[in-house]
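Have a look at final.txt; it's compact mmCIF, N, CA and C atoms:
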# COMPACT_ATOMS: atom_id res chain seq x y z
N MET A 1 2.21 -17.07 7.89
CA MET A 1 1.22 -17.22 8.94
C MET A 1 1.93 -17.26 10.28
N THR A 2 1.15 -17.17 11.32
CA THR A 2 1.75 -17.14 12.65
C THR A 2 1.42 -18.42 13.40
N SER A 3 2.11 -18.61 14.50
CA SER A 3 1.90 -19.80 15.32
C SER A 3 0.64 -19.69 16.16
N GLY A 4 0.02 -18.53 16.17
CA GLY A 4 -1.15 -18.32 17.00
C GLY A 4 -0.82 -17.47 18.21
N ASN A 5 0.44 -17.46 18.60
CA ASN A 5 0.87 -16.64 19.73
C ASN A 5 1.37 -15.28 19.28
N GLU A 6 1.65 -15.14 18.00
CA GLU A 6 2.18 -13.88 17.47
C GLU A 6 1.05 -13.04 16.90
N LEU A 7 1.16 -11.74 17.11
CA LEU A 7 0.22 -10.83 16.47
C LEU A 7 0.81 -10.42 15.14
N THR A 8 0.00 -10.45 14.12
CA THR A 8 0.45 -10.00 12.81
C THR A 8 0.36 -8.48 12.75
N LEU A 9 1.04 -7.90 11.78
CA LEU A 9 0.92 -6.47 11.56
C LEU A 9 -0.53 -6.12 11.23
N TYR A 10 -1.19 -6.99 10.50
CA TYR A 10 -2.61 -6.81 10.19
C TYR A 10 -3.43 -6.67 11.47
N ALA A 11 -3.20 -7.56 12.43
CA ALA A 11 -3.93 -7.51 13.71
C ALA A 11 -3.54 -6.27 14.51
N LEU A 12 -2.27 -5.94 14.52
CA LEU A 12 -1.80 -4.77 15.28
C LEU A 12 -2.40 -3.47 14.73
N ILE A 13 -2.55 -3.42 13.41
CA ILE A 13 -3.15 -2.23 12.78
C ILE A 13 -4.62 -2.10 13.17
N GLY A 14 -5.26 -3.23 13.44
CA GLY A 14 -6.68 -3.20 13.80
C GLY A 14 -7.56 -3.92 12.81
N GLY A 15 -6.93 -4.74 11.96
CA GLY A 15 -7.69 -5.54 11.01
C GLY A 15 -8.33 -4.71 9.91
N GLU A 16 -9.35 -5.28 9.31
CA GLU A 16 -9.97 -4.70 8.12
C GLU A 16 -10.48 -3.27 8.33
N PRO A 17 -11.15 -2.96 9.43
CA PRO A 17 -11.68 -1.59 9.55
C PRO A 17 -10.58 -0.52 9.52
N HIS A 18 -9.49 -0.77 10.24
CA HIS A 18 -8.42 0.23 10.28
C HIS A 18 -7.59 0.23 8.99
N LEU A 19 -7.42 -0.93 8.39
CA LEU A 19 -6.71 -0.98 7.12
C LEU A 19 -7.51 -0.23 6.05
N ARG A 20 -8.82 -0.39 6.07
CA ARG A 20 -9.68 0.34 5.13
C ARG A 20 -9.55 1.85 5.37
N MET A 21 -9.56 2.27 6.63
CA MET A 21 -9.39 3.70 6.94
C MET A 21 -8.06 4.23 6.41
N LEU A 22 -7.01 3.42 6.57
CA LEU A 22 -5.69 3.80 6.08
C LEU A 22 -5.71 4.00 4.56
N VAL A 23 -6.25 3.03 3.85
CA VAL A 23 -6.29 3.10 2.39
C VAL A 23 -7.17 4.26 1.93
N GLU A 24 -8.27 4.50 2.62
CA GLU A 24 -9.15 5.61 2.25
C GLU A 24 -8.53 6.97 2.55
N ALA A 25 -7.61 7.04 3.49
CA ALA A 25 -6.86 8.27 3.75
C ALA A 25 -5.69 8.41 2.78
N PHE A 26 -5.17 7.29 2.32
CA PHE A 26 -4.00 7.25 1.45
C PHE A 26 -4.29 7.71 0.02
N TYR A 27 -5.34 7.15 -0.60
CA TYR A 27 -5.53 7.40 -2.03
C TYR A 27 -5.88 8.82 -2.42
N PRO A 28 -6.60 9.59 -1.63
CA PRO A 28 -6.76 11.00 -2.00
C PRO A 28 -5.41 11.73 -2.08
N ARG A 29 -4.49 11.37 -1.21
CA ARG A 29 -3.15 11.96 -1.25
C ARG A 29 -2.42 11.55 -2.52
N VAL A 30 -2.54 10.28 -2.87
CA VAL A 30 -1.92 9.77 -4.09
C VAL A 30 -2.47 10.51 -5.31
N GLN A 31 -3.79 10.64 -5.37
CA GLN A 31 -4.41 11.31 -6.52
C GLN A 31 -3.99 12.76 -6.64
N GLU A 32 -3.73 13.42 -5.51
CA GLU A 32 -3.35 14.83 -5.52
C GLU A 32 -1.85 15.03 -5.74
N HIS A 33 -1.07 13.98 -5.55
CA HIS A 33 0.39 14.11 -5.65
C HIS A 33 0.80 14.27 -7.12
N PRO A 34 1.62 15.28 -7.43
CA PRO A 34 1.99 15.51 -8.84
C PRO A 34 2.76 14.36 -9.49
N LEU A 35 3.53 13.60 -8.74
CA LEU A 35 4.26 12.46 -9.31
C LEU A 35 3.42 11.20 -9.41
N LEU A 36 2.46 11.06 -8.52
CA LEU A 36 1.69 9.81 -8.44
C LEU A 36 0.33 9.88 -9.12
N GLY A 37 -0.33 11.00 -9.00
CA GLY A 37 -1.68 11.13 -9.53
C GLY A 37 -1.83 10.70 -10.97
N PRO A 38 -0.90 11.11 -11.86
CA PRO A 38 -1.06 10.73 -13.28
C PRO A 38 -1.00 9.22 -13.54
N LEU A 39 -0.51 8.44 -12.60
CA LEU A 39 -0.40 6.99 -12.79
C LEU A 39 -1.71 6.25 -12.52
N PHE A 40 -2.66 6.93 -11.89
CA PHE A 40 -3.86 6.27 -11.41
C PHE A 40 -5.10 6.70 -12.19
N PRO A 41 -6.07 5.79 -12.31
CA PRO A 41 -7.31 6.13 -13.01
C PRO A 41 -8.15 7.11 -12.18
N GLU A 42 -9.04 7.81 -12.87
CA GLU A 42 -9.91 8.75 -12.17
C GLU A 42 -10.80 8.01 -11.16
N ASP A 43 -11.34 6.86 -11.57
CA ASP A 43 -12.15 6.05 -10.66
C ASP A 43 -11.19 5.16 -9.85
N ILE A 44 -10.85 5.65 -8.68
CA ILE A 44 -9.83 5.00 -7.86
C ILE A 44 -10.39 3.85 -7.02
N ARG A 45 -11.70 3.71 -6.93
CA ARG A 45 -12.32 2.71 -6.04
C ARG A 45 -11.82 1.28 -6.29
N PRO A 46 -11.77 0.80 -7.53
CA PRO A 46 -11.26 -0.57 -7.73
C PRO A 46 -9.80 -0.73 -7.27
N VAL A 47 -9.00 0.30 -7.47
CA VAL A 47 -7.60 0.27 -7.03
C VAL A 47 -7.55 0.18 -5.50
N MET A 48 -8.40 0.94 -4.85
CA MET A 48 -8.44 0.92 -3.38
C MET A 48 -8.82 -0.46 -2.85
N GLU A 49 -9.80 -1.07 -3.47
CA GLU A 49 -10.23 -2.40 -3.01
C GLU A 49 -9.11 -3.43 -3.18
N LYS A 50 -8.41 -3.37 -4.30
CA LYS A 50 -7.27 -4.29 -4.50
C LYS A 50 -6.17 -4.00 -3.48
N GLN A 51 -5.94 -2.73 -3.18
CA GLN A 51 -4.91 -2.38 -2.20
C GLN A 51 -5.28 -2.92 -0.82
N ILE A 52 -6.55 -2.82 -0.46
CA ILE A 52 -6.99 -3.37 0.82
C ILE A 52 -6.76 -4.87 0.84
N GLN A 53 -7.11 -5.55 -0.23
CA GLN A 53 -6.90 -6.99 -0.31
C GLN A 53 -5.41 -7.33 -0.21
N PHE A 54 -4.59 -6.60 -0.96
CA PHE A 54 -3.16 -6.90 -0.95
C PHE A 54 -2.54 -6.63 0.41
N LEU A 55 -2.81 -5.45 0.99
CA LEU A 55 -2.20 -5.12 2.28
C LEU A 55 -2.69 -6.06 3.38
N THR A 56 -3.93 -6.50 3.30
CA THR A 56 -4.43 -7.48 4.27
C THR A 56 -3.52 -8.70 4.26
N GLN A 57 -3.27 -9.22 3.09
CA GLN A 57 -2.44 -10.41 2.92
C GLN A 57 -0.98 -10.11 3.27
N PHE A 58 -0.45 -8.98 2.79
CA PHE A 58 0.94 -8.61 2.99
C PHE A 58 1.28 -8.42 4.47
N PHE A 59 0.29 -7.94 5.23
CA PHE A 59 0.50 -7.69 6.65
C PHE A 59 0.11 -8.88 7.53
N GLY A 60 -0.18 -10.03 6.92
CA GLY A 60 -0.40 -11.24 7.70
C GLY A 60 -1.84 -11.63 7.93
N GLY A 61 -2.77 -10.96 7.27
CA GLY A 61 -4.18 -11.31 7.39
C GLY A 61 -4.57 -12.35 6.36
N PRO A 62 -5.88 -12.50 6.16
CA PRO A 62 -6.36 -13.48 5.17
C PRO A 62 -5.81 -13.22 3.77
N MET A 63 -5.70 -14.26 2.99
CA MET A 63 -5.11 -14.20 1.65
C MET A 63 -6.12 -13.69 0.62
N LEU A 64 -6.72 -12.54 0.87
CA LEU A 64 -7.80 -12.02 0.04
C LEU A 64 -7.37 -11.75 -1.39
N TYR A 65 -6.21 -11.15 -1.56
CA TYR A 65 -5.76 -10.81 -2.91
C TYR A 65 -5.55 -12.07 -3.75
N THR A 66 -4.82 -13.01 -3.21
CA THR A 66 -4.53 -14.25 -3.93
C THR A 66 -5.81 -15.02 -4.24
N GLU A 67 -6.73 -15.06 -3.29
CA GLU A 67 -7.97 -15.79 -3.51
C GLU A 67 -8.77 -15.22 -4.68
N GLU A 68 -8.75 -13.89 -4.84
CA GLU A 68 -9.55 -13.29 -5.91
C GLU A 68 -8.78 -13.07 -7.21
N HIS A 69 -7.48 -12.76 -7.11
CA HIS A 69 -6.72 -12.35 -8.31
C HIS A 69 -5.55 -13.26 -8.65
N GLY A 70 -5.29 -14.28 -7.85
CA GLY A 70 -4.12 -15.12 -8.06
C GLY A 70 -2.89 -14.52 -7.40
N HIS A 71 -1.74 -15.10 -7.67
CA HIS A 71 -0.49 -14.63 -7.07
C HIS A 71 -0.33 -13.14 -7.33
N PRO A 72 0.08 -12.36 -6.32
CA PRO A 72 0.18 -10.91 -6.52
C PRO A 72 1.10 -10.46 -7.66
N MET A 73 2.25 -11.07 -7.82
CA MET A 73 3.19 -10.67 -8.88
C MET A 73 3.26 -9.15 -9.01
N MET A 74 3.45 -8.47 -7.90
CA MET A 74 3.33 -7.02 -7.88
C MET A 74 4.34 -6.30 -8.77
N ARG A 75 5.54 -6.79 -8.84
CA ARG A 75 6.51 -6.12 -9.72
C ARG A 75 6.03 -6.18 -11.17
N ALA A 76 5.59 -7.33 -11.60
CA ALA A 76 5.09 -7.48 -12.97
C ALA A 76 3.86 -6.61 -13.21
N ARG A 77 2.98 -6.53 -12.23
CA ARG A 77 1.77 -5.73 -12.37
C ARG A 77 2.07 -4.23 -12.45
N HIS A 78 3.21 -3.82 -11.92
CA HIS A 78 3.57 -2.40 -11.94
C HIS A 78 4.48 -2.04 -13.12
N MET A 79 4.93 -3.02 -13.89
CA MET A 79 5.85 -2.75 -15.00
C MET A 79 5.30 -1.78 -16.05
N PRO A 80 4.01 -1.78 -16.34
CA PRO A 80 3.52 -0.84 -17.36
C PRO A 80 3.62 0.64 -16.94
N PHE A 81 3.92 0.89 -15.68
CA PHE A 81 3.97 2.25 -15.17
C PHE A 81 5.41 2.66 -14.90
N ALA A 82 5.73 3.91 -15.16
CA ALA A 82 7.08 4.42 -14.92
C ALA A 82 7.25 4.68 -13.42
N ILE A 83 7.86 3.72 -12.74
CA ILE A 83 8.08 3.85 -11.30
C ILE A 83 9.55 4.25 -11.09
N THR A 84 9.74 5.46 -10.64
CA THR A 84 11.07 5.99 -10.36
C THR A 84 11.33 5.93 -8.86
N PRO A 85 12.58 6.09 -8.44
CA PRO A 85 12.85 6.16 -6.99
C PRO A 85 12.05 7.30 -6.33
N GLU A 86 11.89 8.41 -7.03
CA GLU A 86 11.13 9.53 -6.47
C GLU A 86 9.67 9.16 -6.27
N ARG A 87 9.13 8.41 -7.20
CA ARG A 87 7.73 7.97 -7.06
C ARG A 87 7.59 6.96 -5.92
N ALA A 88 8.55 6.10 -5.76
CA ALA A 88 8.51 5.15 -4.64
C ALA A 88 8.51 5.91 -3.31
N GLU A 89 9.38 6.90 -3.20
CA GLU A 89 9.45 7.71 -1.97
C GLU A 89 8.17 8.52 -1.77
N ALA A 90 7.60 9.04 -2.84
CA ALA A 90 6.35 9.80 -2.75
C ALA A 90 5.23 8.88 -2.26
N TRP A 91 5.20 7.66 -2.75
CA TRP A 91 4.20 6.68 -2.33
C TRP A 91 4.33 6.42 -0.83
N LEU A 92 5.55 6.20 -0.37
CA LEU A 92 5.77 5.97 1.05
C LEU A 92 5.39 7.19 1.88
N PHE A 93 5.69 8.38 1.39
CA PHE A 93 5.34 9.61 2.11
C PHE A 93 3.82 9.74 2.23
N CYS A 94 3.10 9.45 1.16
CA CYS A 94 1.63 9.50 1.22
C CYS A 94 1.10 8.48 2.23
N MET A 95 1.72 7.31 2.29
CA MET A 95 1.30 6.30 3.26
C MET A 95 1.58 6.78 4.69
N LYS A 96 2.72 7.42 4.88
CA LYS A 96 3.04 7.96 6.21
C LYS A 96 2.02 9.01 6.62
N GLN A 97 1.67 9.89 5.71
CA GLN A 97 0.68 10.91 6.01
C GLN A 97 -0.68 10.29 6.33
N ALA A 98 -1.07 9.27 5.58
CA ALA A 98 -2.34 8.60 5.83
C ALA A 98 -2.34 7.94 7.21
N ALA A 99 -1.23 7.31 7.57
CA ALA A 99 -1.13 6.68 8.89
C ALA A 99 -1.25 7.73 10.00
N GLU A 100 -0.64 8.87 9.78
CA GLU A 100 -0.75 9.95 10.76
C GLU A 100 -2.18 10.46 10.85
N GLU A 101 -2.83 10.60 9.70
CA GLU A 101 -4.21 11.09 9.67
C GLU A 101 -5.16 10.21 10.48
N ILE A 102 -4.99 8.90 10.38
CA ILE A 102 -5.90 8.00 11.09
C ILE A 102 -5.47 7.77 12.53
N GLY A 103 -4.38 8.40 12.95
CA GLY A 103 -3.94 8.29 14.34
C GLY A 103 -3.20 7.02 14.68
N MET A 104 -2.54 6.43 13.69
CA MET A 104 -1.76 5.22 13.95
C MET A 104 -0.62 5.58 14.89
N PRO A 105 -0.41 4.80 15.95
CA PRO A 105 0.70 5.08 16.87
C PRO A 105 2.04 5.10 16.12
N ASP A 106 2.94 5.98 16.57
CA ASP A 106 4.22 6.17 15.88
C ASP A 106 5.01 4.87 15.73
N ASP A 107 5.06 4.04 16.79
CA ASP A 107 5.85 2.82 16.69
C ASP A 107 5.27 1.87 15.64
N LEU A 108 3.96 1.78 15.59
CA LEU A 108 3.32 0.91 14.59
C LEU A 108 3.49 1.49 13.19
N LYS A 109 3.38 2.80 13.07
CA LYS A 109 3.58 3.46 11.77
C LYS A 109 4.98 3.17 11.25
N GLU A 110 5.98 3.25 12.11
CA GLU A 110 7.36 3.00 11.68
C GLU A 110 7.56 1.55 11.25
N ILE A 111 6.95 0.62 11.96
CA ILE A 111 7.03 -0.80 11.57
C ILE A 111 6.39 -1.00 10.21
N MET A 112 5.20 -0.42 10.02
CA MET A 112 4.49 -0.57 8.75
C MET A 112 5.30 0.03 7.61
N LEU A 113 5.84 1.23 7.80
CA LEU A 113 6.60 1.88 6.74
C LEU A 113 7.88 1.11 6.42
N ALA A 114 8.51 0.55 7.44
CA ALA A 114 9.71 -0.26 7.20
C ALA A 114 9.35 -1.50 6.38
N ARG A 115 8.20 -2.09 6.66
CA ARG A 115 7.74 -3.27 5.92
C ARG A 115 7.43 -2.93 4.46
N LEU A 116 6.94 -1.71 4.21
CA LEU A 116 6.58 -1.29 2.86
C LEU A 116 7.76 -0.74 2.06
N GLN A 117 8.83 -0.41 2.74
CA GLN A 117 10.01 0.18 2.10
C GLN A 117 10.57 -0.72 0.99
N GLY A 118 10.75 -2.00 1.28
CA GLY A 118 11.31 -2.93 0.30
C GLY A 118 10.46 -3.05 -0.95
N PRO A 119 9.17 -3.38 -0.78
CA PRO A 119 8.33 -3.49 -1.98
C PRO A 119 8.25 -2.19 -2.78
N ALA A 120 8.14 -1.06 -2.10
CA ALA A 120 8.03 0.22 -2.82
C ALA A 120 9.23 0.41 -3.74
N HIS A 121 10.41 0.07 -3.28
CA HIS A 121 11.61 0.27 -4.10
C HIS A 121 11.85 -0.92 -5.05
N HIS A 122 11.26 -2.06 -4.74
CA HIS A 122 11.37 -3.21 -5.65
C HIS A 122 10.61 -2.94 -6.95
N PHE A 123 9.59 -2.11 -6.91
CA PHE A 123 8.78 -1.80 -8.09
C PHE A 123 9.46 -0.79 -9.01
N VAL A 124 10.54 -0.17 -8.56
CA VAL A 124 11.21 0.83 -9.40
C VAL A 124 11.68 0.16 -10.68
N ASN A 125 11.31 0.79 -11.80
CA ASN A 125 11.66 0.23 -13.10
C ASN A 125 12.20 1.30 -14.06
N GLN A 126 12.42 2.50 -13.54
CA GLN A 126 12.96 3.61 -14.32
C GLN A 126 13.95 4.37 -13.45
N ALA A 127 14.95 4.95 -14.08
CA ALA A 127 15.90 5.77 -13.35
C ALA A 127 15.24 7.06 -12.90
N SER A 128 15.91 7.77 -12.02
CA SER A 128 15.43 9.06 -11.57
C SER A 128 15.24 9.99 -12.75
N THR A 129 14.27 10.89 -12.58
CA THR A 129 14.00 11.84 -13.65
C THR A 129 14.69 13.16 -13.39
For this file, produce the structure as C-alpha cells.
Amino acid sequence: MTSGNELTLYALIGGEPHLRMLVEAFYPRVQEHPLLGPLFPEDIRPVMEKQIQFLTQFFGGPMLYTEEHGHPMMRARHMPFAITPERAEAWLFCMKQAAEEIGMPDDLKEIMLARLQGPAHHFVNQAST
C-alpha cells in the first residue's frame, strides 16, 4: 500500500476502466498466439476476470483477487501448465501489444512491463523447447 502521497501503478494506468481495457486487448492476442493459445480455455471470460482482479492487486489497487480467491499463489496455480521461457516472453509481448493498442504512454508501458517481467519468468517450470 502507499502512504497516500504516492500514486500506484494501478492509479497511473487509470484504475479499473483502463485495466479492463488492457486485459480485453490482451486476451485475444493470447488466444491467437501459437505458444499461448493452447494453454487457455475456449471460454476466456473467467480467466479475464481473474486477471483483472490479480493485476488490480498486483499494481497496488484493491485486494480483489485475495478477497475472492485467497492468496494468489500464482506459481503454484500455473504449475499444471508447461510454462517455458519462450511462453513467458510471448506473454509479455502480448501484454506490450495490448498496452500499445489502448494507447498507454510509452513510459508507463515500460514501467508496467518491467513490473511484469519477474512474475512472468517466475512461472517458468519447463526448459526451452
Task: Counting only C-alpha atoms, the residue of A:Glu89, A:Glu49, A:Glu32, A:Asp107 that sits nearest Ser128 in chain A - done: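 Ranked by minimum distance to Ser128 in chain A, first place goes to A:Glu89.
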Open item on the list: At a cut-off of 9 Å, using only C-alpha atoms, what residues contact His122 in chain A? Leave out same-chain residues fewer than 5 positions from it and give the result as a PyMOL selection string.
Closed with: chain A and resi 75+88+117
TODO: Mind listing the alpha helix (DSSP H) residues of chain A, per DSSP on the backbone, as a ChimeraX atom specification?
DONE: /A:9-13,15-32,45-58,64-69,74-78,85-101,106-122
Open item on the list: Between A:Leu55, A:Met63, A:Leu35, A:Met73, which residue has the minimum interatomic distance to Tyr10 in chain A, considering only N, CA and C atoms?
Closed with: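 The closest residue to Tyr10 in chain A is A:Leu55.
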Open item on the list: Ranking A:Val23, A:His71, A:Leu36, A:Glu101 by minimum distance to Met48 in chain A and counting only N, CA and C atoms, which one comes first?
Closed with: A:Val23
Open item on the list: Using all atoms listed in the file, which protein or nucleic acid residues come within 8 Å of Gly61 in chain A? Drop anything in the same chain fewer than 2 positions from it, and give the result as a ChimeraX atom specification.
Closed with: /A:1,8-11,15,55-59,63-64
TODO: To one decimal in Å, tell me the separation between atom N of His18 in chain A and CA of Val124 in chain A.
DONE: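 Going from atom N of His18 in chain A over to CA of Val124 in chain A, I get 28.6 Å.
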TODO: Work out how far atom C of Ile52 in chain A is from atom N of Tyr27 in chain A, in Å to one decimal.
DONE: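 The value is 12.2 Å.
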Open item on the list: One number please: atom C of His33 in chain A to atom C of Ala90 in chain A, in Å, one decimal.
Closed with: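 For atom C of His33 in chain A relative to atom C of Ala90 in chain A, the distance reads 8.5 Å.
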Open item on the list: From the options A:Ala25, A:Ala127, A:Val30, A:Glu16, which residue's atoms come nearest to Ile83 in chain A, counting only C-alpha atoms?
Closed with: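 Nearest to Ile83 in chain A: A:Ala127.
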Find the residues around Gln97 in chain A up to 9 Å (only C-alpha atoms counted), leave out those fewer than 4 positions away in its own chain, and share them as a short mmCIF file (atom, residue, chain, number, x, y, z; two decimals) with N, CA and C atoms, in the frame of the given file.
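Writing the result to part-v3.cif gives the following:
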data_model
loop_
_atom_site.label_atom_id
_atom_site.label_comp_id
_atom_site.auth_asym_id
_atom_site.auth_seq_id
_atom_site.Cartn_x
_atom_site.Cartn_y
_atom_site.Cartn_z
N ALA A 25 -7.61 7.04 3.49
CA ALA A 25 -6.86 8.27 3.75
C ALA A 25 -5.69 8.41 2.78
N PHE A 26 -5.17 7.29 2.32
CA PHE A 26 -4.00 7.25 1.45
C PHE A 26 -4.29 7.71 0.02
N ARG A 29 -4.49 11.37 -1.21
CA ARG A 29 -3.15 11.96 -1.25
C ARG A 29 -2.42 11.55 -2.52
N LEU A 92 5.55 6.20 -0.37
CA LEU A 92 5.77 5.97 1.05
C LEU A 92 5.39 7.19 1.88
N PHE A 93 5.69 8.38 1.39
CA PHE A 93 5.34 9.61 2.11
C PHE A 93 3.82 9.74 2.23
N GLU A 101 -2.83 10.60 9.70
CA GLU A 101 -4.21 11.09 9.67
C GLU A 101 -5.16 10.21 10.48
N ILE A 102 -4.99 8.90 10.38
CA ILE A 102 -5.90 8.00 11.09
C ILE A 102 -5.47 7.77 12.53
#
Atoms added to range 47-56 of chain A (all heavy atoms), reported as an mmCIF file, keeping the file's coordinate frame:
data_model
loop_
_atom_site.group_PDB
_atom_site.id
_atom_site.type_symbol
_atom_site.label_atom_id
_atom_site.label_comp_id
_atom_site.auth_asym_id
_atom_site.auth_seq_id
_atom_site.Cartn_x
_atom_site.Cartn_y
_atom_site.Cartn_z
ATOM 1 N N VAL A 47 -9.000 0.300 -7.470
ATOM 2 C CA VAL A 47 -7.600 0.270 -7.030
ATOM 3 C C VAL A 47 -7.550 0.180 -5.500
ATOM 4 O O VAL A 47 -6.759 -0.589 -4.937
ATOM 5 C CB VAL A 47 -6.836 1.518 -7.525
ATOM 6 C CG1 VAL A 47 -5.418 1.554 -6.980
ATOM 7 C CG2 VAL A 47 -6.833 1.567 -9.046
ATOM 8 N N MET A 48 -8.400 0.940 -4.850
ATOM 9 C CA MET A 48 -8.440 0.920 -3.380
ATOM 10 C C MET A 48 -8.820 -0.460 -2.850
ATOM 11 O O MET A 48 -8.211 -0.940 -1.893
ATOM 12 C CB MET A 48 -9.421 1.984 -2.877
ATOM 13 C CG MET A 48 -8.928 3.388 -3.098
ATOM 14 S SD MET A 48 -10.177 4.645 -2.720
ATOM 15 C CE MET A 48 -10.362 4.431 -0.964
ATOM 16 N N GLU A 49 -9.800 -1.070 -3.470
ATOM 17 C CA GLU A 49 -10.230 -2.400 -3.010
ATOM 18 C C GLU A 49 -9.110 -3.430 -3.180
ATOM 19 O O GLU A 49 -8.882 -4.247 -2.292
ATOM 20 C CB GLU A 49 -11.505 -2.843 -3.732
ATOM 21 C CG GLU A 49 -12.728 -2.036 -3.327
ATOM 22 C CD GLU A 49 -12.997 -2.016 -1.824
ATOM 23 O OE1 GLU A 49 -12.918 -3.085 -1.173
ATOM 24 O OE2 GLU A 49 -13.284 -0.926 -1.290
ATOM 25 N N LYS A 50 -8.410 -3.370 -4.300
ATOM 26 C CA LYS A 50 -7.270 -4.290 -4.500
ATOM 27 C C LYS A 50 -6.170 -4.000 -3.480
ATOM 28 O O LYS A 50 -5.527 -4.936 -2.988
ATOM 29 C CB LYS A 50 -6.728 -4.177 -5.923
ATOM 30 C CG LYS A 50 -7.579 -4.896 -6.937
ATOM 31 C CD LYS A 50 -6.939 -4.835 -8.313
ATOM 32 C CE LYS A 50 -7.743 -5.593 -9.332
ATOM 33 N NZ LYS A 50 -7.139 -5.520 -10.665
ATOM 34 N N GLN A 51 -5.940 -2.730 -3.180
ATOM 35 C CA GLN A 51 -4.910 -2.380 -2.200
ATOM 36 C C GLN A 51 -5.280 -2.920 -0.820
ATOM 37 O O GLN A 51 -4.422 -3.436 -0.107
ATOM 38 C CB GLN A 51 -4.720 -0.868 -2.153
ATOM 39 C CG GLN A 51 -3.657 -0.412 -1.191
ATOM 40 C CD GLN A 51 -2.270 -0.700 -1.677
ATOM 41 O OE1 GLN A 51 -1.809 -1.846 -1.642
ATOM 42 N NE2 GLN A 51 -1.582 0.316 -2.131
ATOM 43 N N ILE A 52 -6.550 -2.820 -0.460
ATOM 44 C CA ILE A 52 -6.990 -3.370 0.820
ATOM 45 C C ILE A 52 -6.760 -4.870 0.840
ATOM 46 O O ILE A 52 -6.222 -5.415 1.815
ATOM 47 C CB ILE A 52 -8.475 -3.024 1.088
ATOM 48 C CG1 ILE A 52 -8.611 -1.523 1.364
ATOM 49 C CG2 ILE A 52 -9.035 -3.847 2.245
ATOM 50 C CD1 ILE A 52 -10.019 -0.993 1.294
ATOM 51 N N GLN A 53 -7.110 -5.550 -0.230
ATOM 52 C CA GLN A 53 -6.900 -6.990 -0.310
ATOM 53 C C GLN A 53 -5.410 -7.330 -0.210
ATOM 54 O O GLN A 53 -5.013 -8.239 0.532
ATOM 55 C CB GLN A 53 -7.455 -7.554 -1.612
ATOM 56 C CG GLN A 53 -8.954 -7.532 -1.711
ATOM 57 C CD GLN A 53 -9.424 -7.960 -3.087
ATOM 58 O OE1 GLN A 53 -8.752 -7.773 -4.093
ATOM 59 N NE2 GLN A 53 -10.607 -8.555 -3.129
ATOM 60 N N PHE A 54 -4.590 -6.600 -0.960
ATOM 61 C CA PHE A 54 -3.160 -6.900 -0.950
ATOM 62 C C PHE A 54 -2.540 -6.630 0.410
ATOM 63 O O PHE A 54 -1.800 -7.456 0.942
ATOM 64 C CB PHE A 54 -2.424 -6.105 -2.033
ATOM 65 C CG PHE A 54 -0.948 -6.338 -1.964
ATOM 66 C CD1 PHE A 54 -0.406 -7.534 -2.402
ATOM 67 C CD2 PHE A 54 -0.098 -5.399 -1.402
ATOM 68 C CE1 PHE A 54 0.963 -7.783 -2.303
ATOM 69 C CE2 PHE A 54 1.257 -5.634 -1.293
ATOM 70 C CZ PHE A 54 1.795 -6.834 -1.746
ATOM 71 N N LEU A 55 -2.810 -5.450 0.990
ATOM 72 C CA LEU A 55 -2.200 -5.120 2.280
ATOM 73 C C LEU A 55 -2.690 -6.060 3.380
ATOM 74 O O LEU A 55 -1.932 -6.388 4.290
ATOM 75 C CB LEU A 55 -2.469 -3.664 2.645
ATOM 76 C CG LEU A 55 -1.714 -2.635 1.801
ATOM 77 C CD1 LEU A 55 -2.104 -1.224 2.212
ATOM 78 C CD2 LEU A 55 -0.205 -2.826 1.870
ATOM 79 N N THR A 56 -3.930 -6.500 3.300
ATOM 80 C CA THR A 56 -4.430 -7.480 4.270
ATOM 81 C C THR A 56 -3.520 -8.700 4.260
ATOM 82 O O THR A 56 -3.039 -9.147 5.307
ATOM 83 C CB THR A 56 -5.883 -7.881 3.922
ATOM 84 O OG1 THR A 56 -6.728 -6.747 4.104
ATOM 85 C CG2 THR A 56 -6.372 -9.036 4.785
#
